[in-house]
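> This is the structure I have questions about; it appears just below.
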Amino acid sequence: MTKETNKAFRHVLPLQIRFNDVDKFGHVNNTVYFQFYDTAKTDYFASVCTDVDWEQVAIVVVKIEAEFLGQVKAGCNIAGRTRVTRIGRTSFELEQEVFDTDTLEVKSRCSSVMVLYDLIRQQSMPFPDAWRQAICQYDGLE
């Protein structure tokens, strides 16, 4: 298991609010945040673990929890922050935030447990050493 030492987010991705993300109350619907988190998570892994064959490996959510702290309205400028906080044998923990880039106010936080999944064998798989090293170096984990 990898010990958490990182308390800051290095990975930040600007997010676009689409017309259909906003509900009749004038704010981004809470279900849309999970799409924001997926977008940021995908970019994180494309940036940090560059040699992944996504035809053979998947990252599967086994637990996800979100906390909604403030409204995001149609005209807001937002971004997503992502970091890995713990790596186990086949799973890892991910923390994410959506925040207003103008005010820096955190609008939502998300924590999830993810499992690496071998698409060929149809089973969980051990965390590759190359991924572990890349993530530990990027996010400052020990």
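Letters for chains follow the order of the structure tokens (A, B, ...), residue numbers begin at 1 for each chain, and ligand numbers begin at 1 in the order shown.
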Write out as a list of chain:residue names the residues lying within 10 Å of stretch 118-121 of chain A, counting only C-alpha atoms and excluding same-chain residues fewer than 6 positions away.
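With the cut-off at 10 Å, the set is A:Trp54, A:Glu55, A:Gln56, A:Val57, A:Ala58, A:Ile59.
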> For A:Tyr138, list every protein, DNA or RNA residue within 10 Å, evaluated using only C-alpha atoms, and leave out those in the same chain fewer than 6 positions away; present the list as a PDB file with all heavy atoms, in the first residue's frame.

ATOM      1  N   ASN A   6       0.476  13.575   0.013  1.00  0.00           N
ATOM      2  CA  ASN A   6       0.056  14.733  -0.764  1.00  0.00           C
ATOM      3  C   ASN A   6      -1.166  15.404  -0.147  1.00  0.00           C
ATOM      4  O   ASN A   6      -2.162  14.766   0.122  1.00  0.00           O
ATOM      5  CB  ASN A   6      -0.273  14.299  -2.195  1.00  0.00           C
ATOM      6  CG  ASN A   6      -0.738  15.446  -3.056  1.00  0.00           C
ATOM      7  OD1 ASN A   6      -0.357  16.574  -2.841  1.00  0.00           O
ATOM      8  ND2 ASN A   6      -1.561  15.155  -4.021  1.00  0.00           N
ATOM      9  N   PHE A   9      -3.458  19.525  -4.798  1.00  0.00           N
ATOM     10  CA  PHE A   9      -3.814  19.004  -6.116  1.00  0.00           C
ATOM     11  C   PHE A   9      -2.853  19.586  -7.146  1.00  0.00           C
ATOM     12  O   PHE A   9      -2.694  20.800  -7.220  1.00  0.00           O
ATOM     13  CB  PHE A   9      -5.233  19.432  -6.491  1.00  0.00           C
ATOM     14  CG  PHE A   9      -6.316  18.780  -5.688  1.00  0.00           C
ATOM     15  CD1 PHE A   9      -6.769  19.352  -4.517  1.00  0.00           C
ATOM     16  CD2 PHE A   9      -6.906  17.607  -6.124  1.00  0.00           C
ATOM     17  CE1 PHE A   9      -7.792  18.764  -3.789  1.00  0.00           C
ATOM     18  CE2 PHE A   9      -7.921  17.013  -5.404  1.00  0.00           C
ATOM     19  CZ  PHE A   9      -8.368  17.594  -4.233  1.00  0.00           C
ATOM     20  N   ARG A  10      -2.231  18.736  -7.936  1.00  0.00           N
ATOM     21  CA  ARG A  10      -1.411  19.207  -9.057  1.00  0.00           C
ATOM     22  C   ARG A  10      -2.223  19.240 -10.342  1.00  0.00           C
ATOM     23  O   ARG A  10      -1.991  20.088 -11.197  1.00  0.00           O
ATOM     24  CB  ARG A  10      -0.206  18.293  -9.259  1.00  0.00           C
ATOM     25  CG  ARG A  10       0.898  18.542  -8.260  1.00  0.00           C
ATOM     26  CD  ARG A  10       2.153  17.817  -8.630  1.00  0.00           C
ATOM     27  NE  ARG A  10       2.680  18.291  -9.914  1.00  0.00           N
ATOM     28  CZ  ARG A  10       3.536  17.592 -10.640  1.00  0.00           C
ATOM     29  NH1 ARG A  10       3.968  16.428 -10.249  1.00  0.00           N
ATOM     30  NH2 ARG A  10       3.969  18.067 -11.786  1.00  0.00           N
ATOM     31  N   HIS A  11      -3.157  18.295 -10.492  1.00  0.00           N
ATOM     32  CA  HIS A  11      -3.901  18.182 -11.744  1.00  0.00           C
ATOM     33  C   HIS A  11      -5.162  19.040 -11.686  1.00  0.00           C
ATOM     34  O   HIS A  11      -6.032  18.822 -10.848  1.00  0.00           O
ATOM     35  CB  HIS A  11      -4.280  16.725 -12.009  1.00  0.00           C
ATOM     36  CG  HIS A  11      -4.916  16.550 -13.345  1.00  0.00           C
ATOM     37  ND1 HIS A  11      -6.280  16.647 -13.527  1.00  0.00           N
ATOM     38  CD2 HIS A  11      -4.379  16.303 -14.560  1.00  0.00           C
ATOM     39  CE1 HIS A  11      -6.547  16.464 -14.809  1.00  0.00           C
ATOM     40  NE2 HIS A  11      -5.414  16.263 -15.449  1.00  0.00           N
ATOM     41  N   SER A  47      -2.724  12.039 -18.675  1.00  0.00           N
ATOM     42  CA  SER A  47      -1.554  12.872 -18.428  1.00  0.00           C
ATOM     43  C   SER A  47      -0.475  12.160 -17.620  1.00  0.00           C
ATOM     44  O   SER A  47       0.711  12.336 -17.863  1.00  0.00           O
ATOM     45  CB  SER A  47      -1.962  14.141 -17.666  1.00  0.00           C
ATOM     46  OG  SER A  47      -2.885  14.890 -18.398  1.00  0.00           O
ATOM     47  N   VAL A  48      -0.881  11.352 -16.641  1.00  0.00           N
ATOM     48  CA  VAL A  48       0.067  10.765 -15.697  1.00  0.00           C
ATOM     49  C   VAL A  48       0.504   9.361 -16.110  1.00  0.00           C
ATOM     50  O   VAL A  48       1.681   9.019 -16.013  1.00  0.00           O
ATOM     51  CB  VAL A  48      -0.522  10.760 -14.268  1.00  0.00           C
ATOM     52  CG1 VAL A  48       0.433  10.108 -13.278  1.00  0.00           C
ATOM     53  CG2 VAL A  48      -0.857  12.184 -13.820  1.00  0.00           C
ATOM     54  N   CYS A  49      -0.412   8.538 -16.553  1.00  0.00           N
ATOM     55  CA  CYS A  49      -0.114   7.152 -16.965  1.00  0.00           C
ATOM     56  C   CYS A  49      -0.271   7.072 -18.475  1.00  0.00           C
ATOM     57  O   CYS A  49      -1.298   6.651 -18.989  1.00  0.00           O
ATOM     58  CB  CYS A  49      -1.045   6.170 -16.259  1.00  0.00           C
ATOM     59  SG  CYS A  49      -0.913   6.218 -14.471  1.00  0.00           S
ATOM     60  N   ARG A  83      -6.611  14.049  -7.643  1.00  0.00           N
ATOM     61  CA  ARG A  83      -5.388  13.476  -7.093  1.00  0.00           C
ATOM     62  C   ARG A  83      -5.667  12.073  -6.576  1.00  0.00           C
ATOM     63  O   ARG A  83      -6.779  11.760  -6.137  1.00  0.00           O
ATOM     64  CB  ARG A  83      -4.805  14.329  -5.972  1.00  0.00           C
ATOM     65  CG  ARG A  83      -5.676  14.379  -4.730  1.00  0.00           C
ATOM     66  CD  ARG A  83      -5.067  15.248  -3.668  1.00  0.00           C
ATOM     67  NE  ARG A  83      -6.010  15.370  -2.546  1.00  0.00           N
ATOM     68  CZ  ARG A  83      -5.841  16.174  -1.541  1.00  0.00           C
ATOM     69  NH1 ARG A  83      -4.775  16.952  -1.496  1.00  0.00           N
ATOM     70  NH2 ARG A  83      -6.724  16.229  -0.576  1.00  0.00           N
ATOM     71  N   VAL A  84      -4.657  11.235  -6.635  1.00  0.00           N
ATOM     72  CA  VAL A  84      -4.711   9.916  -6.017  1.00  0.00           C
ATOM     73  C   VAL A  84      -4.158  10.075  -4.609  1.00  0.00           C
ATOM     74  O   VAL A  84      -3.116  10.708  -4.415  1.00  0.00           O
ATOM     75  CB  VAL A  84      -3.893   8.886  -6.824  1.00  0.00           C
ATOM     76  CG1 VAL A  84      -3.785   7.558  -6.088  1.00  0.00           C
ATOM     77  CG2 VAL A  84      -4.512   8.682  -8.201  1.00  0.00           C
ATOM     78  N   ARG A 132       2.126   2.882 -10.702  1.00  0.00           N
ATOM     79  CA  ARG A 132       2.369   3.238  -9.295  1.00  0.00           C
ATOM     80  C   ARG A 132       3.484   4.288  -9.207  1.00  0.00           C
ATOM     81  O   ARG A 132       3.342   5.298  -8.526  1.00  0.00           O
ATOM     82  CB  ARG A 132       2.729   1.988  -8.503  1.00  0.00           C
ATOM     83  CG  ARG A 132       2.890   2.217  -7.011  1.00  0.00           C
ATOM     84  CD  ARG A 132       3.280   0.932  -6.291  1.00  0.00           C
ATOM     85  NE  ARG A 132       2.333  -0.144  -6.508  1.00  0.00           N
ATOM     86  CZ  ARG A 132       1.249  -0.370  -5.781  1.00  0.00           C
ATOM     87  NH1 ARG A 132       0.976   0.429  -4.771  1.00  0.00           N
ATOM     88  NH2 ARG A 132       0.449  -1.370  -6.051  1.00  0.00           N
TER      89      ARG A 132
END
> Going by DSSP on the backbone, which bits of chain A are helix (DSSP H, G or I)? Write them as a ChimeraX atom specification, please.
/A:19-21,32-48,129-139
> Nearest to A:Ala66 among A:Asp21, A:Met114, A:Gln123, A:Arg109, with distances taken over only C-alpha atoms: which residue is it?
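Among the listed residues, the smallest separation from A:Ala66 belongs to A:Arg109.
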> Which one of A:Tyr37, A:Ala74, A:Ala79, A:Ser124 sits closest to A:Asn20 if you count only C-alpha atoms?
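Looking only at the distances to A:Asn20, the closest residue turns out to be A:Ala74.
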> Smallest atom-to-atom distance to A:Asp43: which of A:Val115, A:Cys110, A:Cys76, A:Leu15, using only C-alpha atoms?
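Counting only C-alpha atoms, the residue closest to A:Asp43 is A:Leu15.
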> Skip A:Phe25 itself and residues of its chain fewer than 5 positions away, then list as number ranges by chain all residues within 12 Å of it, counting only C-alpha atoms.
A: 30, 71-74
> With C-alpha atoms kept, could you save the residues just selected as a PDB file, in the first residue's frame?

ATOM      1  CA  ASN A  30     -26.078  17.505  -9.154  1.00  0.00           C
ATOM      2  CA  GLN A  71     -24.295  26.147  -6.519  1.00  0.00           C
ATOM      3  CA  VAL A  72     -22.717  26.364  -9.947  1.00  0.00           C
ATOM      4  CA  LYS A  73     -24.717  28.512 -12.342  1.00  0.00           C
ATOM      5  CA  ALA A  74     -24.590  28.665 -16.134  1.00  0.00           C
TER       6      ALA A  74
END
> Which of these residues is nearest to A:Gly80, using only C-alpha atoms: A:Glu93, A:Asp38, A:Glu65, A:Asp51?
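Using only C-alpha atoms, the shortest distance to A:Gly80 belongs to A:Asp38.
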> Mind listing the strand (DSSP E) residues of stretch 62-126 of chain A, per DSSP on the backbone, as a ChimeraX atom specification?
/A:62-68,78-87,91-100,106-118,123-124
